[in-house]
There are 2 protein chains.
Amino acid sequence: MTASQTQGISIQGISILLVDDHPVVRQGYRRVLEHQGDFHVVAEADNAADAYRAFKAQAPDVVVMDISMPGASGLEAVRNIRSRSSATRILVFSMHSEAAQVKAAFNAGANGYVTKGSAPTELIRAIRAIVRGEQAISDDIARVLAMESLSPSHSLLDQLGEREIEILRQLAAGATTEQIAANLNLSMKTVQNYHYLIKTKTGMRTDAQLVRLAVECGLASL
Amino acid sequence: MTASQTQGISIQGISILLVDDHPVVRQGYRRVLEHQGDFHVVAEADNAADAYRAFKAQAPDVVVMDISMPGASGLEAVRNIRSRSSATRILVFSMHSEAAQVKAAFNAGANGYVTKGSAPTELIRAIRAIVRGEQAISDDIARVLAMESLSPSHSLLDQLGEREIEILRQLAAGATTEQIAANLNLSMKTVQNYHYLIKTKTGMRTDAQLVRLAVECGLASL
DNA sequence: CCCAGCTTGGGAAACTTTCCCAACAAACCC
DNA sequence: GGGTTTGTTGGGAAAGTTTCCCAAGCTGGG
């Protein structure tokens, strides 16, 4: 491996789209990033719509995005970019460090989440991690998520409502949408909506993952 | 409850479509069935196409069908009828007593399976059971299926091919179609086809049932 | 009283499932 | 050797499901 290849990325370096509504912040971080030599900020945007336009025009390797911008949601922009390209790496760069916010970002398709309170080296480390295909979070976010997962009664039985739990239980037991609708006297549409809601809330992508979760939480057995 | 309602069915009785390619068999069974008083054979057919036509014209409560008819498959007719009406009860009446044949019939949408070697009372008992919404099989079929389920190495690991097992394992582990396709270097289409094939072969209707099955067979753990 | 959150379901686009079929290779029987 | 069966791979098209958005009704708390 030669020196020019040590990042596991082409010698052309990493192209970056910087999205933040504060010009001063963009300028500061542009300088920090470009100081890396192989990082190239190819575009900037100060709102979600421009960010999406710039993404389509430049097809950057990485989008570094502040999701707390005025007007349209930054999460929306993340979702839009992700739905158009699964290859683009998206790093959310936010001042919020709430667990729910972080989960929402990853749910929308982000590859990493770094708070603005982090040292510049953390941002750089995170960008290098996500171009390698890894997920990245800053140290303070890691601490918040770790604490949250240790807190008592966080068994997702309290993040779901009663109806959601009942439907998850029946899904895990192997019931079809039709059977659940009949059992609970609901329309199939409602059961489908719950099914989807449960997946979204728990972050599970397949029904198989849902079954595992239900079993882990003691909702179902095998 | 009055005497005329003891069957749990309206006082108009049970309308039956009789399908068998042998006229003598039809005549014999028509007499046996009508001797019941509340059973009314409203139509007969000697092939799958006529059976389907008669079913559409008469909308009988029960279809008693021999699936080993010349030409078109009787199973095909069962599937057609089932896809048009989930309320119609279908009793397969066959001379075969192989487990695979029976499973195929239930898979196609049959509600019961009685062999021609059974006593007439078994046929009548089965019809009464299926109009009550139960599933019914004759005693000899029960014995065949029971034996089969006891036979060694019937863990469905031998009813599935290697690829099918690998895909079931990954599905149960929570992998998405996309991930499995990538892991095994297949197209998503192939993985989808296997997913469907596995469901069909094992008789599972939901992915949750598939997970339970995989865990039971030691393919996956939780 | 109003706001937040739960429950219920419609709507519409996107995606999956279902089932059919075909090509090809390996194994298997006659 | 040649035909048959069985496993693997995937296309095609209709039917069904998922995804996401929205709205209305209800309940409970500040």
# chains A, B, ... in the order shown; residues from 1 in each chain; ligands from 1

$ calpha_fit_and_write --fixed "chain A" --moving "chain B" --output "mmCIF file with C-alpha atoms, in the first residue's frame"
data_model
loop_
_atom_site.group_PDB
_atom_site.id
_atom_site.type_symbol
_atom_site.label_atom_id
_atom_site.label_comp_id
_atom_site.auth_asym_id
_atom_site.auth_seq_id
_atom_site.Cartn_x
_atom_site.Cartn_y
_atom_site.Cartn_z
ATOM 1 C CA MET B 1 -0.098 0.084 -0.350
ATOM 2 C CA THR B 2 1.382 3.490 -1.218
ATOM 3 C CA ALA B 3 1.148 6.626 0.873
ATOM 4 C CA SER B 4 -1.411 8.180 -1.461
ATOM 5 C CA GLN B 5 -3.764 5.239 -0.920
ATOM 6 C CA THR B 6 -3.645 4.867 2.851
ATOM 7 C CA GLN B 7 -7.210 6.174 3.230
ATOM 8 C CA GLY B 8 -8.594 3.342 1.137
ATOM 9 C CA ILE B 9 -9.991 5.974 -1.237
ATOM 10 C CA SER B 10 -8.863 7.069 -4.687
ATOM 11 C CA ILE B 11 -5.956 9.487 -5.041
ATOM 12 C CA GLN B 12 -8.483 12.103 -6.124
ATOM 13 C CA GLY B 13 -9.558 12.455 -2.495
ATOM 14 C CA ILE B 14 -12.976 12.892 -0.944
ATOM 15 C CA SER B 15 -15.465 15.421 -2.321
ATOM 16 C CA ILE B 16 -17.645 17.073 0.275
ATOM 17 C CA LEU B 17 -20.866 19.096 0.257
ATOM 18 C CA LEU B 18 -21.119 21.313 3.328
ATOM 19 C CA VAL B 19 -24.622 22.276 4.492
ATOM 20 C CA ASP B 20 -25.132 24.731 7.361
ATOM 21 C CA ASP B 21 -27.214 27.869 7.639
ATOM 22 C CA HIS B 22 -24.443 29.750 9.405
ATOM 23 C CA PRO B 23 -21.808 31.092 6.916
ATOM 24 C CA VAL B 24 -19.210 31.526 9.627
ATOM 25 C CA VAL B 25 -19.522 27.883 10.665
ATOM 26 C CA ARG B 26 -19.227 26.769 7.048
ATOM 27 C CA GLN B 27 -16.110 28.884 6.527
ATOM 28 C CA GLY B 28 -14.527 27.573 9.682
ATOM 29 C CA TYR B 29 -15.181 23.952 8.877
ATOM 30 C CA ARG B 30 -14.279 24.335 5.231
ATOM 31 C CA ARG B 31 -10.830 25.441 6.356
ATOM 32 C CA VAL B 32 -10.527 22.582 8.865
ATOM 33 C CA LEU B 33 -11.576 20.007 6.267
ATOM 34 C CA GLU B 34 -9.458 21.280 3.406
ATOM 35 C CA HIS B 35 -6.445 21.321 5.693
ATOM 36 C CA GLN B 36 -6.634 17.542 5.393
ATOM 37 C CA GLY B 37 -5.289 17.628 1.868
ATOM 38 C CA ASP B 38 -7.476 14.864 0.463
ATOM 39 C CA PHE B 39 -10.739 16.539 1.484
ATOM 40 C CA HIS B 40 -12.307 18.857 -1.101
ATOM 41 C CA VAL B 41 -15.354 20.953 -0.300
ATOM 42 C CA VAL B 42 -16.973 21.046 -3.740
ATOM 43 C CA ALA B 43 -20.132 22.924 -2.718
ATOM 44 C CA GLU B 44 -21.874 24.653 0.165
ATOM 45 C CA ALA B 45 -25.562 25.248 0.920
ATOM 46 C CA ASP B 46 -27.423 27.107 3.656
ATOM 47 C CA ASN B 47 -30.821 25.395 3.325
ATOM 48 C CA ALA B 48 -32.328 22.008 2.553
ATOM 49 C CA ALA B 49 -33.492 22.823 -0.986
ATOM 50 C CA ASP B 50 -30.106 24.202 -2.088
ATOM 51 C CA ALA B 51 -28.416 21.256 -0.430
ATOM 52 C CA TYR B 52 -30.438 18.851 -2.511
ATOM 53 C CA ARG B 53 -29.747 20.814 -5.702
ATOM 54 C CA ALA B 54 -26.018 20.904 -4.970
ATOM 55 C CA PHE B 55 -26.035 17.183 -4.205
ATOM 56 C CA LYS B 56 -27.611 16.424 -7.598
ATOM 57 C CA ALA B 57 -25.190 18.732 -9.418
ATOM 58 C CA GLN B 58 -21.981 17.599 -7.677
ATOM 59 C CA ALA B 59 -22.641 14.013 -6.574
ATOM 60 C CA PRO B 60 -20.219 14.464 -3.645
ATOM 61 C CA ASP B 61 -18.744 11.487 -1.782
ATOM 62 C CA VAL B 62 -19.854 12.934 1.532
ATOM 63 C CA VAL B 63 -22.540 15.395 2.633
ATOM 64 C CA VAL B 64 -21.837 17.097 5.955
ATOM 65 C CA MET B 65 -25.161 18.502 7.053
ATOM 66 C CA ASP B 66 -26.508 20.553 9.931
ATOM 67 C CA ILE B 67 -30.070 19.291 10.383
ATOM 68 C CA SER B 68 -31.266 22.171 12.557
ATOM 69 C CA MET B 69 -31.784 24.734 9.814
ATOM 70 C CA PRO B 70 -34.659 27.226 9.558
ATOM 71 C CA GLY B 71 -37.612 26.248 7.364
ATOM 72 C CA ALA B 72 -37.566 22.808 5.829
ATOM 73 C CA SER B 73 -36.264 19.987 7.942
ATOM 74 C CA GLY B 74 -32.678 18.903 7.461
ATOM 75 C CA LEU B 75 -33.857 15.351 8.069
ATOM 76 C CA GLU B 76 -36.069 15.738 5.033
ATOM 77 C CA ALA B 77 -32.990 16.634 2.997
ATOM 78 C CA VAL B 78 -31.177 13.565 4.358
ATOM 79 C CA ARG B 79 -34.092 11.374 3.323
ATOM 80 C CA ASN B 80 -34.202 12.936 -0.141
ATOM 81 C CA ILE B 81 -30.518 12.466 -0.725
ATOM 82 C CA ARG B 82 -30.579 8.902 0.584
ATOM 83 C CA SER B 83 -33.536 7.990 -1.638
ATOM 84 C CA ARG B 84 -31.624 9.202 -4.707
ATOM 85 C CA SER B 85 -28.257 7.658 -3.842
ATOM 86 C CA SER B 86 -27.371 4.845 -1.485
ATOM 87 C CA ALA B 87 -23.663 5.384 -2.168
ATOM 88 C CA THR B 88 -23.449 8.953 -0.893
ATOM 89 C CA ARG B 89 -22.236 9.113 2.717
ATOM 90 C CA ILE B 90 -24.163 11.539 4.900
ATOM 91 C CA LEU B 91 -22.723 12.913 8.125
ATOM 92 C CA VAL B 92 -25.148 14.822 10.317
ATOM 93 C CA PHE B 93 -23.455 17.648 12.154
ATOM 94 C CA SER B 94 -25.779 19.026 14.780
ATOM 95 C CA MET B 95 -25.797 20.910 18.048
ATOM 96 C CA HIS B 96 -28.371 18.507 19.514
ATOM 97 C CA SER B 97 -27.302 15.428 21.399
ATOM 98 C CA GLU B 98 -30.651 13.870 22.262
ATOM 99 C CA ALA B 99 -30.894 10.146 21.603
ATOM 100 C CA ALA B 100 -34.174 10.543 19.717
ATOM 101 C CA GLN B 101 -32.629 13.110 17.371
ATOM 102 C CA VAL B 102 -29.697 10.817 16.629
ATOM 103 C CA LYS B 103 -31.929 7.824 15.978
ATOM 104 C CA ALA B 104 -34.129 9.901 13.698
ATOM 105 C CA ALA B 105 -31.073 10.935 11.709
ATOM 106 C CA PHE B 106 -29.874 7.356 11.212
ATOM 107 C CA ASN B 107 -33.416 6.358 10.417
ATOM 108 C CA ALA B 108 -33.541 8.999 7.709
ATOM 109 C CA GLY B 109 -30.429 7.490 6.164
ATOM 110 C CA ALA B 110 -27.485 9.240 7.832
ATOM 111 C CA ASN B 111 -24.199 7.342 8.119
ATOM 112 C CA GLY B 112 -22.822 9.349 10.977
ATOM 113 C CA TYR B 113 -23.716 11.913 13.628
ATOM 114 C CA VAL B 114 -21.288 14.354 15.192
ATOM 115 C CA THR B 115 -22.206 17.195 17.545
ATOM 116 C CA LYS B 116 -20.917 20.705 17.001
ATOM 117 C CA GLY B 117 -19.396 20.550 20.454
ATOM 118 C CA SER B 118 -16.965 17.865 19.266
ATOM 119 C CA ALA B 119 -13.331 18.605 18.502
ATOM 120 C CA PRO B 120 -12.545 19.127 14.782
ATOM 121 C CA THR B 121 -10.550 15.890 14.858
ATOM 122 C CA GLU B 122 -13.740 13.998 15.696
ATOM 123 C CA LEU B 123 -15.422 15.382 12.579
ATOM 124 C CA ILE B 124 -12.460 14.314 10.475
ATOM 125 C CA ARG B 125 -12.305 10.882 12.066
ATOM 126 C CA ALA B 126 -16.044 10.456 11.458
ATOM 127 C CA ILE B 127 -15.768 11.409 7.787
ATOM 128 C CA ARG B 128 -12.934 8.910 7.288
ATOM 129 C CA ALA B 129 -14.992 6.234 9.030
ATOM 130 C CA ILE B 130 -18.089 6.734 6.914
ATOM 131 C CA VAL B 131 -16.183 6.759 3.622
ATOM 132 C CA ARG B 132 -14.844 3.366 4.745
ATOM 133 C CA GLY B 133 -18.492 2.274 4.952
ATOM 134 C CA GLU B 134 -18.670 2.349 8.736
ATOM 135 C CA GLN B 135 -21.139 4.255 10.863
ATOM 136 C CA ALA B 136 -19.725 7.033 13.008
ATOM 137 C CA ILE B 137 -20.841 8.969 16.060
ATOM 138 C CA SER B 138 -18.945 11.447 18.195
ATOM 139 C CA ASP B 139 -17.879 10.502 21.737
ATOM 140 C CA ASP B 140 -20.601 12.551 23.440
ATOM 141 C CA ILE B 141 -23.303 10.912 21.318
ATOM 142 C CA ALA B 142 -21.866 7.500 22.151
ATOM 143 C CA ARG B 143 -22.175 8.353 25.841
ATOM 144 C CA VAL B 144 -25.777 9.585 25.469
ATOM 145 C CA LEU B 145 -26.880 6.474 23.565
ATOM 146 C CA ALA B 146 -25.025 4.170 25.925
ATOM 147 C CA MET B 147 -26.670 5.789 28.966
ATOM 148 C CA GLU B 148 -30.055 5.599 27.319
ATOM 149 C CA SER B 149 -29.698 1.910 26.619
ATOM 150 C CA LEU B 150 -28.834 1.296 30.276
ATOM 151 C CA SER B 151 -31.688 3.324 31.757
ATOM 152 C CA PRO B 152 -34.401 1.266 33.451
ATOM 153 C CA SER B 153 -37.518 0.201 31.560
ATOM 154 C CA HIS B 154 -36.164 1.024 28.195
ATOM 155 C CA SER B 155 -37.457 -2.257 26.876
ATOM 156 C CA LEU B 156 -39.262 -0.554 23.982
ATOM 157 C CA LEU B 157 -42.427 -1.644 25.731
ATOM 158 C CA ASP B 158 -42.628 1.983 26.791
ATOM 159 C CA GLN B 159 -41.699 3.439 23.453
ATOM 160 C CA LEU B 160 -44.666 1.597 21.954
ATOM 161 C CA GLY B 161 -48.331 2.132 22.743
ATOM 162 C CA GLU B 162 -50.667 -0.599 23.978
ATOM 163 C CA ARG B 163 -52.120 -1.303 20.573
ATOM 164 C CA GLU B 164 -48.694 -1.378 19.027
ATOM 165 C CA ILE B 165 -47.515 -3.911 21.585
ATOM 166 C CA GLU B 166 -50.533 -6.121 21.048
ATOM 167 C CA ILE B 167 -50.041 -6.065 17.297
ATOM 168 C CA LEU B 168 -46.316 -6.744 17.646
ATOM 169 C CA ARG B 169 -47.139 -9.684 19.909
ATOM 170 C CA GLN B 170 -49.497 -11.186 17.367
ATOM 171 C CA LEU B 171 -47.131 -10.538 14.465
ATOM 172 C CA ALA B 172 -44.342 -12.283 16.350
ATOM 173 C CA ALA B 173 -46.670 -15.148 17.145
ATOM 174 C CA GLY B 174 -47.016 -15.661 13.404
ATOM 175 C CA ALA B 175 -50.450 -14.142 12.780
ATOM 176 C CA THR B 176 -51.238 -12.692 9.365
ATOM 177 C CA THR B 177 -52.459 -9.123 8.891
ATOM 178 C CA GLU B 178 -55.905 -10.540 8.177
ATOM 179 C CA GLN B 179 -55.977 -12.590 11.384
ATOM 180 C CA ILE B 180 -54.833 -9.682 13.516
ATOM 181 C CA ALA B 181 -57.435 -7.395 11.950
ATOM 182 C CA ALA B 182 -60.108 -9.986 12.707
ATOM 183 C CA ASN B 183 -58.835 -10.617 16.262
ATOM 184 C CA LEU B 184 -58.788 -6.946 17.163
ATOM 185 C CA ASN B 185 -61.714 -5.850 15.050
ATOM 186 C CA LEU B 186 -59.681 -3.421 12.999
ATOM 187 C CA SER B 187 -59.356 -2.863 9.282
ATOM 188 C CA MET B 188 -56.362 -4.481 7.592
ATOM 189 C CA LYS B 189 -55.250 -0.972 6.712
ATOM 190 C CA THR B 190 -54.930 -0.060 10.373
ATOM 191 C CA VAL B 191 -52.966 -3.200 11.126
ATOM 192 C CA GLN B 192 -50.663 -2.472 8.180
ATOM 193 C CA ASN B 193 -50.143 1.064 9.444
ATOM 194 C CA TYR B 194 -49.290 -0.215 12.934
ATOM 195 C CA HIS B 195 -46.965 -2.812 11.471
ATOM 196 C CA TYR B 196 -45.130 -0.058 9.657
ATOM 197 C CA LEU B 197 -45.178 2.281 12.669
ATOM 198 C CA ILE B 198 -43.728 -0.430 14.894
ATOM 199 C CA LYS B 199 -40.920 -1.038 12.420
ATOM 200 C CA THR B 200 -40.191 2.672 12.212
ATOM 201 C CA LYS B 201 -40.257 3.250 15.967
ATOM 202 C CA THR B 202 -38.092 0.259 16.761
ATOM 203 C CA GLY B 203 -35.799 0.723 13.783
ATOM 204 C CA MET B 204 -36.250 -2.879 12.672
ATOM 205 C CA ARG B 205 -36.118 -3.394 8.906
ATOM 206 C CA THR B 206 -37.527 -6.895 8.506
ATOM 207 C CA ASP B 207 -40.274 -8.885 10.178
ATOM 208 C CA ALA B 208 -37.646 -11.366 11.315
ATOM 209 C CA GLN B 209 -35.906 -8.617 13.300
ATOM 210 C CA LEU B 210 -39.270 -7.721 14.772
ATOM 211 C CA VAL B 211 -39.771 -11.288 15.967
ATOM 212 C CA ARG B 212 -36.339 -11.307 17.619
ATOM 213 C CA LEU B 213 -37.133 -8.031 19.312
ATOM 214 C CA ALA B 214 -40.484 -9.283 20.563
ATOM 215 C CA VAL B 215 -38.858 -12.407 21.965
ATOM 216 C CA GLU B 216 -36.106 -10.369 23.647
ATOM 217 C CA CYS B 217 -38.744 -8.196 25.298
ATOM 218 C CA GLY B 218 -40.699 -11.166 26.525
ATOM 219 C CA LEU B 219 -43.650 -10.405 24.273
ATOM 220 C CA ALA B 220 -43.370 -13.724 22.499
ATOM 221 C CA SER B 221 -41.723 -17.054 23.078
ATOM 222 C CA LEU B 222 -40.552 -19.955 20.962
#

$ residues_around --residues "DC22 in chain D" --least-positions-apart "6" --cutoff "12 Å" --atoms "only C-alpha atoms (C1' of nucleotides)" --output "list in words"
DG9, DG10, DG11 and DA12 of chain C

$ residues_around --residues "DG29 in chain D" --least-positions-apart "6" --cutoff "12 Å" --atoms "only C-alpha atoms (C1' of nucleotides)" --output "NGL selection string"
:C and (1-5)

$ interface_residues --of "chain C" --to "chain B" --cutoff "9 Å" --atoms "only C-alpha atoms (C1' of nucleotides)" --output "ChimeraX atom specification"
/C:16-18

$ closest_atom_pairs --of "chain D" --to "chain B" --cutoff "9 Å" --atoms "only C-alpha atoms (C1' of nucleotides)" --output "tab-separated table"
residue	atom	partner	partner_atom	distance
D:DG7	C1'	B:Gly161	CA	7.4
D:DT8	C1'	B:Arg163	CA	8.2
D:DT9	C1'	B:Thr190	CA	6.5
D:DG10	C1'	B:Thr190	CA	5.9
D:DG11	C1'	B:Lys189	CA	8.7

$ write_last_selection --atoms "N, CA and C atoms (P, O5', C5', C4', C3', O3' and C1' of nucleotides)" --output "short mmCIF file (atom, residue, chain, number, x, y, z; two decimals), in the first residue's frame"
data_model
loop_
_atom_site.label_atom_id
_atom_site.label_comp_id
_atom_site.auth_asym_id
_atom_site.auth_seq_id
_atom_site.Cartn_x
_atom_site.Cartn_y
_atom_site.Cartn_z
P DG D 7 -34.10 -31.01 -5.36
"O5'" DG D 7 -33.01 -29.93 -5.80
"C5'" DG D 7 -31.62 -30.31 -5.76
"C4'" DG D 7 -30.79 -29.17 -6.30
"C3'" DG D 7 -31.13 -27.83 -5.65
"O3'" DG D 7 -29.92 -27.17 -5.35
"C1'" DG D 7 -31.39 -27.69 -8.02
P DT D 8 -29.86 -25.80 -4.57
"O5'" DT D 8 -29.63 -24.73 -5.72
"C5'" DT D 8 -28.49 -24.85 -6.55
"C4'" DT D 8 -28.56 -23.84 -7.67
"C3'" DT D 8 -28.92 -22.42 -7.21
"O3'" DT D 8 -27.79 -21.59 -7.45
"C1'" DT D 8 -30.08 -23.05 -9.19
P DT D 9 -27.76 -20.11 -6.90
"O5'" DT D 9 -28.33 -19.24 -8.10
"C5'" DT D 9 -27.68 -19.28 -9.36
"C4'" DT D 9 -28.58 -18.75 -10.44
"C3'" DT D 9 -29.24 -17.42 -10.14
"O3'" DT D 9 -28.43 -16.37 -10.67
"C1'" DT D 9 -30.66 -18.90 -11.37
P DG D 10 -28.89 -14.88 -10.66
"O5'" DG D 10 -29.88 -14.93 -11.91
"C5'" DG D 10 -30.26 -13.81 -12.63
"C4'" DG D 10 -31.59 -14.06 -13.27
"C3'" DG D 10 -32.63 -13.00 -12.88
"O3'" DG D 10 -33.00 -12.27 -14.03
"C1'" DG D 10 -33.56 -15.16 -12.97
P DG D 11 -33.31 -10.84 -14.08
"O5'" DG D 11 -34.38 -10.85 -15.27
"C5'" DG D 11 -34.13 -11.59 -16.46
"C4'" DG D 11 -35.45 -11.87 -17.16
"C3'" DG D 11 -36.44 -10.72 -17.07
"O3'" DG D 11 -37.05 -10.55 -18.34
"C1'" DG D 11 -37.42 -12.70 -16.15
#

$ select_by_dssp --residues "chain A" --states "strand (DSSP E)" --output "ChimeraX atom specification"
/A:14-19,39-45,62-65,89-94,112-115,136-137

$ atom_distance --atom1 "C1' of DC19 in chain C" --atom2 "C1' of DT18 in chain D"
20.1 Å
